[in-house]
>>> print(open('run_36.cif').read())   # mmCIF, C-alpha atoms
data_target
#
loop_
_atom_site.label_atom_id
_atom_site.label_comp_id
_atom_site.auth_asym_id
_atom_site.auth_seq_id
_atom_site.Cartn_x
_atom_site.Cartn_y
_atom_site.Cartn_z
CA MET A 1 26.40 -87.98 47.04
CA ALA A 2 25.72 -85.14 44.65
CA ALA A 3 22.65 -86.95 43.30
CA LYS A 4 21.32 -87.56 46.80
CA ALA A 5 21.88 -83.91 47.72
CA TYR A 6 20.03 -82.78 44.59
CA LYS A 7 17.15 -85.16 45.34
CA TYR A 8 16.93 -83.87 48.92
CA LYS A 9 16.83 -80.24 47.75
CA ALA A 10 14.15 -81.05 45.17
CA GLU A 11 11.98 -82.80 47.78
CA LEU A 12 12.47 -79.87 50.14
CA LEU A 13 11.43 -77.44 47.41
CA VAL A 14 8.24 -79.38 46.70
CA LYS A 15 7.36 -79.76 50.38
CA ASP A 16 8.15 -76.23 51.57
CA TYR A 17 7.03 -74.24 48.54
CA LEU A 18 4.90 -76.03 45.94
CA LEU A 19 2.83 -77.91 48.55
CA ALA A 20 2.82 -75.18 51.16
CA ASP A 21 -0.69 -73.76 51.72
CA SER A 22 0.25 -70.30 50.45
CA TYR A 23 1.71 -71.67 47.21
CA VAL A 24 -0.83 -74.42 46.45
CA PRO A 25 -3.19 -72.24 44.37
CA TYR A 26 -0.46 -70.84 42.13
CA ALA A 27 1.37 -74.14 41.69
CA SER A 28 -1.87 -75.93 40.87
CA VAL A 29 -2.91 -73.32 38.29
CA LEU A 30 0.41 -73.80 36.50
CA GLY A 31 -0.11 -77.54 36.82
CA GLY A 32 -3.54 -77.22 35.23
CA ILE A 33 -2.14 -75.27 32.28
CA LEU A 34 0.64 -77.85 31.89
CA MET A 35 -1.95 -80.64 32.01
CA CYS A 36 -3.81 -78.95 29.14
CA LYS A 37 -0.65 -78.69 27.06
CA LEU A 38 0.33 -82.32 27.66
CA SER A 39 -3.18 -83.70 27.02
CA TYR A 40 -3.51 -81.59 23.84
CA ASP A 41 -0.21 -82.90 22.48
CA PHE A 42 -0.97 -86.46 23.63
CA THR A 43 -4.32 -86.40 21.81
CA ARG A 44 -2.60 -85.24 18.64
CA PHE A 45 0.09 -87.92 18.95
CA ILE A 46 -2.30 -90.81 19.66
CA SER A 47 -4.82 -89.75 17.01
CA SER A 48 -2.19 -89.57 14.29
CA PHE A 49 -1.36 -93.25 14.95
CA TYR A 50 -4.72 -94.83 15.77
CA PHE A 51 -7.21 -92.81 13.70
CA LYS A 52 -6.54 -93.09 9.99
CA GLY A 53 -8.76 -90.14 9.12
CA TYR A 54 -6.91 -87.72 11.39
CA GLY A 55 -4.47 -86.74 8.67
CA SER A 56 -7.30 -85.80 6.31
CA LEU A 57 -8.94 -83.41 8.77
CA THR A 58 -8.71 -79.70 8.15
CA LYS A 59 -6.40 -77.60 10.29
CA MET A 60 -9.32 -76.26 12.33
CA GLN A 61 -10.82 -79.72 12.77
CA LYS A 62 -7.49 -80.96 14.13
CA VAL A 63 -7.36 -78.06 16.59
CA GLU A 64 -10.87 -78.81 17.82
CA TRP A 65 -10.14 -82.55 17.92
CA ASN A 66 -7.11 -81.99 20.16
CA ASN A 67 -8.94 -79.38 22.23
CA ARG A 68 -11.73 -81.86 22.94
CA GLY A 69 -9.18 -84.43 24.04
CA MET A 70 -7.81 -81.82 26.43
CA SER A 71 -11.25 -81.00 27.84
CA THR A 72 -12.01 -84.71 28.29
CA VAL A 73 -8.93 -85.17 30.48
CA HIS A 74 -9.92 -82.21 32.64
CA ALA A 75 -13.53 -83.43 32.85
CA ILE A 76 -12.49 -86.87 34.10
CA PHE A 77 -10.10 -85.35 36.66
CA ILE A 78 -12.49 -82.72 38.04
CA THR A 79 -15.49 -85.08 38.12
CA LEU A 80 -13.63 -87.69 40.16
CA MET A 81 -12.12 -85.14 42.54
CA SER A 82 -15.39 -83.20 42.96
CA ALA A 83 -17.38 -86.36 43.70
CA TYR A 84 -14.76 -87.43 46.24
CA LEU A 85 -14.60 -84.06 48.00
CA VAL A 86 -18.40 -83.57 48.12
CA PHE A 87 -19.58 -87.08 48.99
CA PHE A 88 -16.69 -89.09 50.45
CA SER A 89 -14.00 -86.88 51.97
CA GLY A 90 -16.05 -85.68 54.94
CA LEU A 91 -14.90 -82.10 54.35
CA PHE A 92 -18.46 -80.85 53.91
CA SER A 93 -20.13 -83.31 56.26
CA ASP A 94 -22.75 -81.99 58.69
CA GLN A 95 -20.79 -83.71 61.46
CA GLN A 96 -17.93 -81.24 61.03
CA ASP A 97 -17.81 -78.12 63.19
CA GLY A 98 -18.23 -74.67 61.72
CA PRO A 99 -20.17 -73.28 58.73
CA VAL A 100 -19.98 -75.43 55.61
CA THR A 101 -19.55 -72.28 53.52
CA PHE A 102 -16.05 -71.62 54.90
CA ARG A 103 -14.55 -75.10 54.69
CA SER A 104 -11.55 -75.84 52.49
CA SER A 105 -8.36 -77.91 52.50
CA SER A 106 -5.04 -78.04 50.68
CA LEU A 107 -6.46 -80.78 48.44
CA SER A 108 -9.63 -78.84 47.63
CA ASN A 109 -7.61 -75.69 46.85
CA PHE A 110 -5.20 -77.68 44.68
CA THR A 111 -8.04 -79.27 42.71
CA LEU A 112 -9.69 -75.91 42.10
CA GLY A 113 -6.34 -74.51 40.94
CA VAL A 114 -5.99 -77.24 38.32
CA SER A 115 -9.48 -76.37 37.08
CA VAL A 116 -8.60 -72.66 36.97
CA GLY A 117 -5.58 -73.52 34.83
CA TYR A 118 -7.81 -75.49 32.47
CA PHE A 119 -10.39 -72.70 32.11
CA ILE A 120 -7.61 -70.17 31.43
CA ALA A 121 -6.10 -72.37 28.71
CA ASP A 122 -9.42 -73.30 27.13
CA LEU A 123 -10.75 -69.73 27.24
CA ALA A 124 -7.56 -68.51 25.58
CA MET A 125 -8.05 -71.05 22.76
CA ILE A 126 -11.72 -70.08 22.34
CA LEU A 127 -10.79 -66.41 22.03
CA TRP A 128 -7.85 -67.11 19.71
CA PHE A 129 -9.91 -69.20 17.30
CA TYR A 130 -13.24 -67.45 17.89
CA PRO A 131 -15.87 -68.47 16.92
CA SER A 132 -14.58 -71.82 15.59
CA LEU A 133 -14.31 -73.48 19.03
CA GLY A 134 -17.53 -72.01 20.40
CA GLY A 135 -19.75 -68.96 20.25
CA MET A 136 -20.89 -66.45 22.85
CA GLU A 137 -22.55 -69.09 25.06
CA TYR A 138 -19.16 -70.80 25.53
CA LEU A 139 -17.52 -67.49 26.42
CA VAL A 140 -20.22 -66.73 29.01
CA HIS A 141 -19.95 -70.23 30.48
CA HIS A 142 -16.15 -70.10 30.75
CA VAL A 143 -15.98 -66.55 32.14
CA LEU A 144 -18.56 -67.35 34.82
CA SER A 145 -16.86 -70.64 35.69
CA LEU A 146 -13.39 -69.10 35.78
CA THR A 147 -14.56 -66.22 37.99
CA ALA A 148 -16.38 -68.47 40.45
CA VAL A 149 -13.67 -71.14 40.67
CA THR A 150 -10.87 -68.57 41.07
CA TYR A 151 -12.71 -66.70 43.82
CA THR A 152 -13.58 -69.78 45.84
CA MET A 153 -10.01 -71.08 45.46
CA LEU A 154 -8.44 -67.87 46.77
CA SER A 155 -11.04 -67.07 49.45
CA GLY A 156 -11.98 -70.59 50.59
CA GLU A 157 -15.64 -69.57 50.55
CA GLY A 158 -18.46 -71.62 49.03
CA GLN A 159 -16.32 -74.51 47.83
CA LEU A 160 -19.15 -77.02 48.38
CA TYR A 161 -21.35 -75.28 45.80
CA THR A 162 -18.48 -74.85 43.37
CA TYR A 163 -17.66 -78.54 43.50
CA MET A 164 -21.30 -79.53 43.10
CA SER A 165 -21.40 -77.39 39.96
CA LEU A 166 -18.14 -78.88 38.66
CA ILE A 167 -19.55 -82.42 38.90
CA SER A 168 -21.59 -81.43 35.84
CA GLU A 169 -18.37 -81.78 33.84
CA THR A 170 -19.15 -85.51 33.82
CA THR A 171 -21.19 -84.81 30.66
CA THR A 172 -18.16 -83.50 28.73
CA PRO A 173 -16.62 -86.85 27.64
CA GLY A 174 -19.94 -87.95 26.12
CA ILE A 175 -20.38 -84.67 24.26
CA ASN A 176 -16.83 -84.88 22.91
CA LEU A 177 -17.29 -88.52 21.89
CA ARG A 178 -20.40 -87.54 19.94
CA TRP A 179 -18.39 -84.93 18.03
CA PHE A 180 -15.59 -87.45 17.40
CA LEU A 181 -18.09 -89.99 16.00
CA ASP A 182 -19.67 -87.33 13.78
CA VAL A 183 -16.32 -86.20 12.35
CA ALA A 184 -15.25 -89.82 11.88
CA GLY A 185 -18.33 -90.45 9.70
CA MET A 186 -20.06 -92.71 12.22
CA LYS A 187 -23.24 -90.69 12.60
CA ARG A 188 -25.37 -93.62 11.37
CA SER A 189 -23.69 -96.19 13.61
CA LYS A 190 -25.17 -97.86 16.68
CA ARG A 191 -22.45 -96.25 18.79
CA TYR A 192 -23.81 -92.83 17.87
CA VAL A 193 -27.29 -93.78 19.05
CA VAL A 194 -26.01 -95.32 22.30
CA ASN A 195 -23.90 -92.21 22.89
CA GLY A 196 -26.98 -90.00 22.39
CA VAL A 197 -29.00 -91.92 24.97
CA ALA A 198 -26.10 -91.95 27.46
CA MET A 199 -25.52 -88.23 26.96
CA PHE A 200 -29.22 -87.52 27.57
CA LEU A 201 -29.19 -89.51 30.83
CA THR A 202 -25.92 -88.07 32.18
CA TRP A 203 -27.04 -84.54 31.33
CA LEU A 204 -30.37 -85.11 33.09
CA VAL A 205 -28.63 -86.37 36.24
CA ALA A 206 -25.53 -84.15 36.37
CA ARG A 207 -26.85 -80.85 35.03
CA ILE A 208 -30.56 -80.88 35.92
CA ILE A 209 -31.24 -83.09 38.95
CA LEU A 210 -27.90 -82.36 40.64
CA PHE A 211 -28.41 -78.61 40.19
CA MET A 212 -31.81 -78.92 41.85
CA TYR A 213 -30.06 -80.61 44.77
CA LEU A 214 -27.51 -77.75 44.70
CA PHE A 215 -30.31 -75.20 45.02
CA TYR A 216 -31.70 -77.20 47.94
CA GLN A 217 -28.28 -77.04 49.65
CA ILE A 218 -28.13 -73.28 49.07
CA PHE A 219 -31.58 -72.93 50.65
CA LEU A 220 -30.60 -75.21 53.54
CA HIS A 221 -27.45 -73.22 54.39
CA TYR A 222 -28.70 -69.78 53.37
CA ASP A 223 -28.05 -68.33 56.84
CA GLN A 224 -24.39 -69.32 56.47
CA ILE A 225 -24.21 -68.04 52.88
CA LYS A 226 -25.35 -64.60 54.08
CA GLN A 227 -22.19 -64.46 56.22
CA MET A 228 -19.98 -64.65 53.12
CA GLU A 229 -18.38 -61.64 51.48
CA THR A 230 -20.76 -59.76 49.15
CA PHE A 231 -19.01 -60.94 45.98
CA GLY A 232 -18.99 -64.56 47.15
CA TYR A 233 -22.64 -64.31 48.16
CA LEU A 234 -23.57 -63.04 44.69
CA LEU A 235 -21.55 -65.79 43.00
CA VAL A 236 -23.32 -68.52 45.00
CA CYS A 237 -26.76 -67.05 44.35
CA VAL A 238 -26.36 -65.95 40.72
CA VAL A 239 -23.84 -68.18 38.89
CA PRO A 240 -25.58 -71.55 39.49
CA ALA A 241 -28.89 -70.01 38.39
CA ILE A 242 -27.41 -68.74 35.12
CA LEU A 243 -25.66 -72.05 34.47
CA PHE A 244 -28.91 -73.93 35.18
CA VAL A 245 -30.76 -71.84 32.58
CA MET A 246 -28.00 -72.56 30.05
CA ASN A 247 -28.14 -76.26 30.98
CA MET A 248 -31.89 -76.32 30.33
CA ILE A 249 -31.44 -74.67 26.92
CA TRP A 250 -28.73 -77.16 25.92
CA PHE A 251 -30.81 -80.02 27.36
CA SER A 252 -33.71 -79.13 25.09
CA LYS A 253 -31.34 -79.26 22.11
CA ILE A 254 -30.00 -82.66 23.22
CA LEU A 255 -33.56 -83.95 23.57
CA ARG A 256 -34.51 -82.73 20.08
CA GLY A 257 -31.34 -84.27 18.62
CA LEU A 258 -32.02 -87.60 20.34
CA LYS A 259 -35.58 -87.69 19.06
CA LYS A 260 -34.35 -86.93 15.55
CA THR A 261 -31.70 -89.67 15.71
CA LEU A 262 -34.12 -92.28 17.03
CA ALA A 263 -36.70 -91.33 14.40
CA LYS A 264 -34.13 -91.88 11.64
CA ARG A 265 -33.20 -95.28 13.08
CA HIS A 266 -36.83 -96.36 13.01
#
>>> encode(input="run_36.cif", output="C-alpha cells")
Amino acid sequence: MAAKAYKYKAELLVKDYLLADSYVPYASVLGGILMCKLSYDFTRFISSFYFKGYGSLTKMQKVEWNNRGMSTVHAIFITLMSAYLVFFSGLFSDQQDGPVTFRSSSLSNFTLGVSVGYFIADLAMILWFYPSLGGMEYLVHHVLSLTAVTYTMLSGEGQLYTYMSLISETTTPGINLRWFLDVAGMKRSKRYVVNGVAMFLTWLVARIILFMYLFYQIFLHYDQIKQMETFGYLLVCVVPAILFVMNMIWFSKILRGLKKTLAKRH
C-alpha cells in the first residue's frame, strides 16, 4: 500500500508540475543539462571499453572526445524532433488557423527546453576550457543559438524558424565522427574519405539549401513576423542571416578539405 501511494504521488507530481505548461520549460532545461551529463559520462564509459586508444589520449583530448559524444546525442535528438515538428506534426501547417509565428505546443516548448539545457552545458564547457574546445566562432554560434532558442521557448514566438535552424544540427554527428577518425589515426582510411563526402552533402542540404528555404518562409510570412515583439522580430531577421554567413565560411573550409583529401587519395 505504501509503495502504491508513493507511486501515485510521483505520477501526480509529474502530471501536475513537471508536465504542466507553466513548468515544461524549466523542467526540460534541467532535463537537457542532465542529458548532457549522462551522455558525457556514457561516452567516457563506452570509449574506455571499446576504443583501445582512449587511455592513451591526453586529458584535453579525452574531454573533447566526451564532449563530442554529448553533442552527438543532442544533435540526433534535436534533428529528429525538429524534423517531426516542422514537417509532420501539423503544428505549422498552412491549414491551421492563426499566424504561424505564434504557434507552439507543450511538446515544442519541451524540445526547445532540452536544447537550451544543452547549449548552457556546452557553452559552460567551452568557456571553462577556452579555447581548447572552440574559439570565438563557437562562442558566437552558441550565444546566438542560446539567446534565440530561449526567447522562442519562453515567448512561443517564431518557433517554426527556430526549428528550421535547429535541423542544421544534423551535420554534427558527421563532424564529430571525422574528429574521432582523425584522433584514432584513421585519416588515411576509406572511412575518412566517405565521411568527408557525406559531411559535404549533409552540410550542403542542411545548412545551405535548408537555410535558403528558411529565408523563403520568412519572406512568405513577413507580415506575420512584423506583428512579433521587437526583440523576436530582430532575432528572426538577424540570427539566421548571421548563422548562414558562418555556415558558408565553414562550408568553404569543408570543400577545401574534401578536395585535399580526394587529391591525396588519387
>>> residues_around(input="run_36.cif", residues="range 33-45 of chain A", least_positions_apart="5", cutoff="6 Å", atoms="only C-alpha atoms", output="list of chain:residue names")
A:Asn66, A:Gly69, A:Met70, A:Gly117, A:Tyr118
>>> resolve_selection(input="run_36.cif", expression="the PyMOL selection byres ((chain A and resi 210-226) around 10)", output="compact mmCIF listing (two decimals) with C-alpha atoms, keeping the file's coordinate frame")
# COMPACT_ATOMS: atom_id res chain seq x y z
CA GLY A 98 -18.23 -74.67 61.72
CA PRO A 99 -20.17 -73.28 58.73
CA VAL A 100 -19.98 -75.43 55.61
CA THR A 101 -19.55 -72.28 53.52
CA PHE A 102 -16.05 -71.62 54.90
CA GLU A 157 -15.64 -69.57 50.55
CA GLY A 158 -18.46 -71.62 49.03
CA LEU A 160 -19.15 -77.02 48.38
CA TYR A 161 -21.35 -75.28 45.80
CA THR A 162 -18.48 -74.85 43.37
CA TYR A 163 -17.66 -78.54 43.50
CA MET A 164 -21.30 -79.53 43.10
CA SER A 165 -21.40 -77.39 39.96
CA ILE A 167 -19.55 -82.42 38.90
CA SER A 168 -21.59 -81.43 35.84
CA TRP A 203 -27.04 -84.54 31.33
CA LEU A 204 -30.37 -85.11 33.09
CA VAL A 205 -28.63 -86.37 36.24
CA ALA A 206 -25.53 -84.15 36.37
CA ARG A 207 -26.85 -80.85 35.03
CA ILE A 208 -30.56 -80.88 35.92
CA ILE A 209 -31.24 -83.09 38.95
CA GLN A 227 -22.19 -64.46 56.22
CA MET A 228 -19.98 -64.65 53.12
CA GLU A 229 -18.38 -61.64 51.48
CA THR A 230 -20.76 -59.76 49.15
CA GLY A 232 -18.99 -64.56 47.15
CA TYR A 233 -22.64 -64.31 48.16
CA LEU A 234 -23.57 -63.04 44.69
CA VAL A 236 -23.32 -68.52 45.00
CA CYS A 237 -26.76 -67.05 44.35
CA PRO A 240 -25.58 -71.55 39.49
CA ALA A 241 -28.89 -70.01 38.39
CA LEU A 243 -25.66 -72.05 34.47
CA PHE A 244 -28.91 -73.93 35.18
CA ASN A 247 -28.14 -76.26 30.98
>>> residues_near_point(input="run_36.cif", point="(-21.9, -89.6, 13.0)", cutoff="12 Å", atoms="only C-alpha atoms", output="MDAnalysis selection string")
chainID A and resid 177:196 261
>>> atom_distance(input="run_36.cif", atom1="CA of Val24 in chain A", atom2="CA of Phe110 in chain A")
5.7 Å
>>> closest_residue(input="run_36.cif", among="A:Phe88, A:Met60, A:Arg103, A:Thr72", to="Tyr130 in chain A", atoms="only C-alpha atoms")
A:Met60
>>> closest_residue(input="run_36.cif", among="A:Leu166, A:Met246, A:Val197, A:Leu91", to="Leu107 in chain A", atoms="all atoms listed in the file")
A:Leu91
>>> atom_distance(input="run_36.cif", atom1="CA of Met199 in chain A", atom2="CA of Ser145 in chain A")
21.5 Å
>>> atom_distance(input="run_36.cif", atom1="CA of Ile76 in chain A", atom2="CA of Phe200 in chain A")
18.0 Å
>>> closest_residue(input="run_36.cif", among="A:Gln61, A:Ser252, A:Ser28, A:Asn176", to="Thr150 in chain A", atoms="all atoms listed in the file")
A:Ser28
>>> closest_residue(input="run_36.cif", among="A:Val149, A:Leu262, A:Val143, A:Ala124", to="Thr111 in chain A", atoms="all atoms listed in the file")
A:Val149
>>> build_atoms(input="run_36.cif", residues="range 42-57 of chain A", atoms="N, CA and C atoms", output="mmCIF file, in the coordinates of the input")
data_model
loop_
_atom_site.group_PDB
_atom_site.id
_atom_site.type_symbol
_atom_site.label_atom_id
_atom_site.label_comp_id
_atom_site.auth_asym_id
_atom_site.auth_seq_id
_atom_site.Cartn_x
_atom_site.Cartn_y
_atom_site.Cartn_z
ATOM 1 N N PHE A 42 -0.779 -85.016 23.578
ATOM 2 C CA PHE A 42 -0.970 -86.460 23.630
ATOM 3 C C PHE A 42 -2.118 -86.890 22.713
ATOM 4 N N THR A 43 -3.196 -86.104 22.703
ATOM 5 C CA THR A 43 -4.320 -86.400 21.810
ATOM 6 C C THR A 43 -3.887 -86.361 20.354
ATOM 7 N N ARG A 44 -3.094 -85.363 20.023
ATOM 8 C CA ARG A 44 -2.600 -85.240 18.640
ATOM 9 C C ARG A 44 -1.702 -86.425 18.287
ATOM 10 N N PHE A 45 -0.849 -86.821 19.208
ATOM 11 C CA PHE A 45 0.090 -87.920 18.950
ATOM 12 C C PHE A 45 -0.654 -89.241 18.782
ATOM 13 N N ILE A 46 -1.563 -89.549 19.707
ATOM 14 C CA ILE A 46 -2.300 -90.810 19.660
ATOM 15 C C ILE A 46 -3.209 -90.864 18.427
ATOM 16 N N SER A 47 -3.883 -89.770 18.130
ATOM 17 C CA SER A 47 -4.820 -89.750 17.010
ATOM 18 C C SER A 47 -4.124 -89.966 15.676
ATOM 19 N N SER A 48 -2.919 -89.427 15.546
ATOM 20 C CA SER A 48 -2.190 -89.570 14.290
ATOM 21 C C SER A 48 -1.794 -91.027 14.026
ATOM 22 N N PHE A 49 -1.732 -91.844 15.093
ATOM 23 C CA PHE A 49 -1.360 -93.250 14.950
ATOM 24 C C PHE A 49 -2.571 -94.178 14.853
ATOM 25 N N TYR A 50 -3.617 -93.878 15.632
ATOM 26 C CA TYR A 50 -4.720 -94.830 15.770
ATOM 27 C C TYR A 50 -6.006 -94.417 15.052
ATOM 28 N N PHE A 51 -6.049 -93.223 14.482
ATOM 29 C CA PHE A 51 -7.210 -92.810 13.700
ATOM 30 C C PHE A 51 -6.747 -92.419 12.300
ATOM 31 N N LYS A 52 -7.054 -93.283 11.350
ATOM 32 C CA LYS A 52 -6.540 -93.090 9.990
ATOM 33 C C LYS A 52 -7.028 -91.786 9.354
ATOM 34 N N GLY A 53 -8.220 -91.344 9.733
ATOM 35 C CA GLY A 53 -8.760 -90.140 9.120
ATOM 36 C C GLY A 53 -8.242 -88.842 9.707
ATOM 37 N N TYR A 54 -7.390 -88.938 10.745
ATOM 38 C CA TYR A 54 -6.910 -87.720 11.390
ATOM 39 C C TYR A 54 -6.109 -86.847 10.423
ATOM 40 N N GLY A 55 -5.306 -87.490 9.608
ATOM 41 C CA GLY A 55 -4.470 -86.740 8.670
ATOM 42 C C GLY A 55 -5.268 -85.986 7.620
ATOM 43 N N SER A 56 -6.473 -86.440 7.334
ATOM 44 C CA SER A 56 -7.300 -85.800 6.310
ATOM 45 C C SER A 56 -8.181 -84.684 6.864
ATOM 46 N N LEU A 57 -8.150 -84.491 8.172
ATOM 47 C CA LEU A 57 -8.940 -83.410 8.770
ATOM 48 C C LEU A 57 -8.348 -82.058 8.399
#
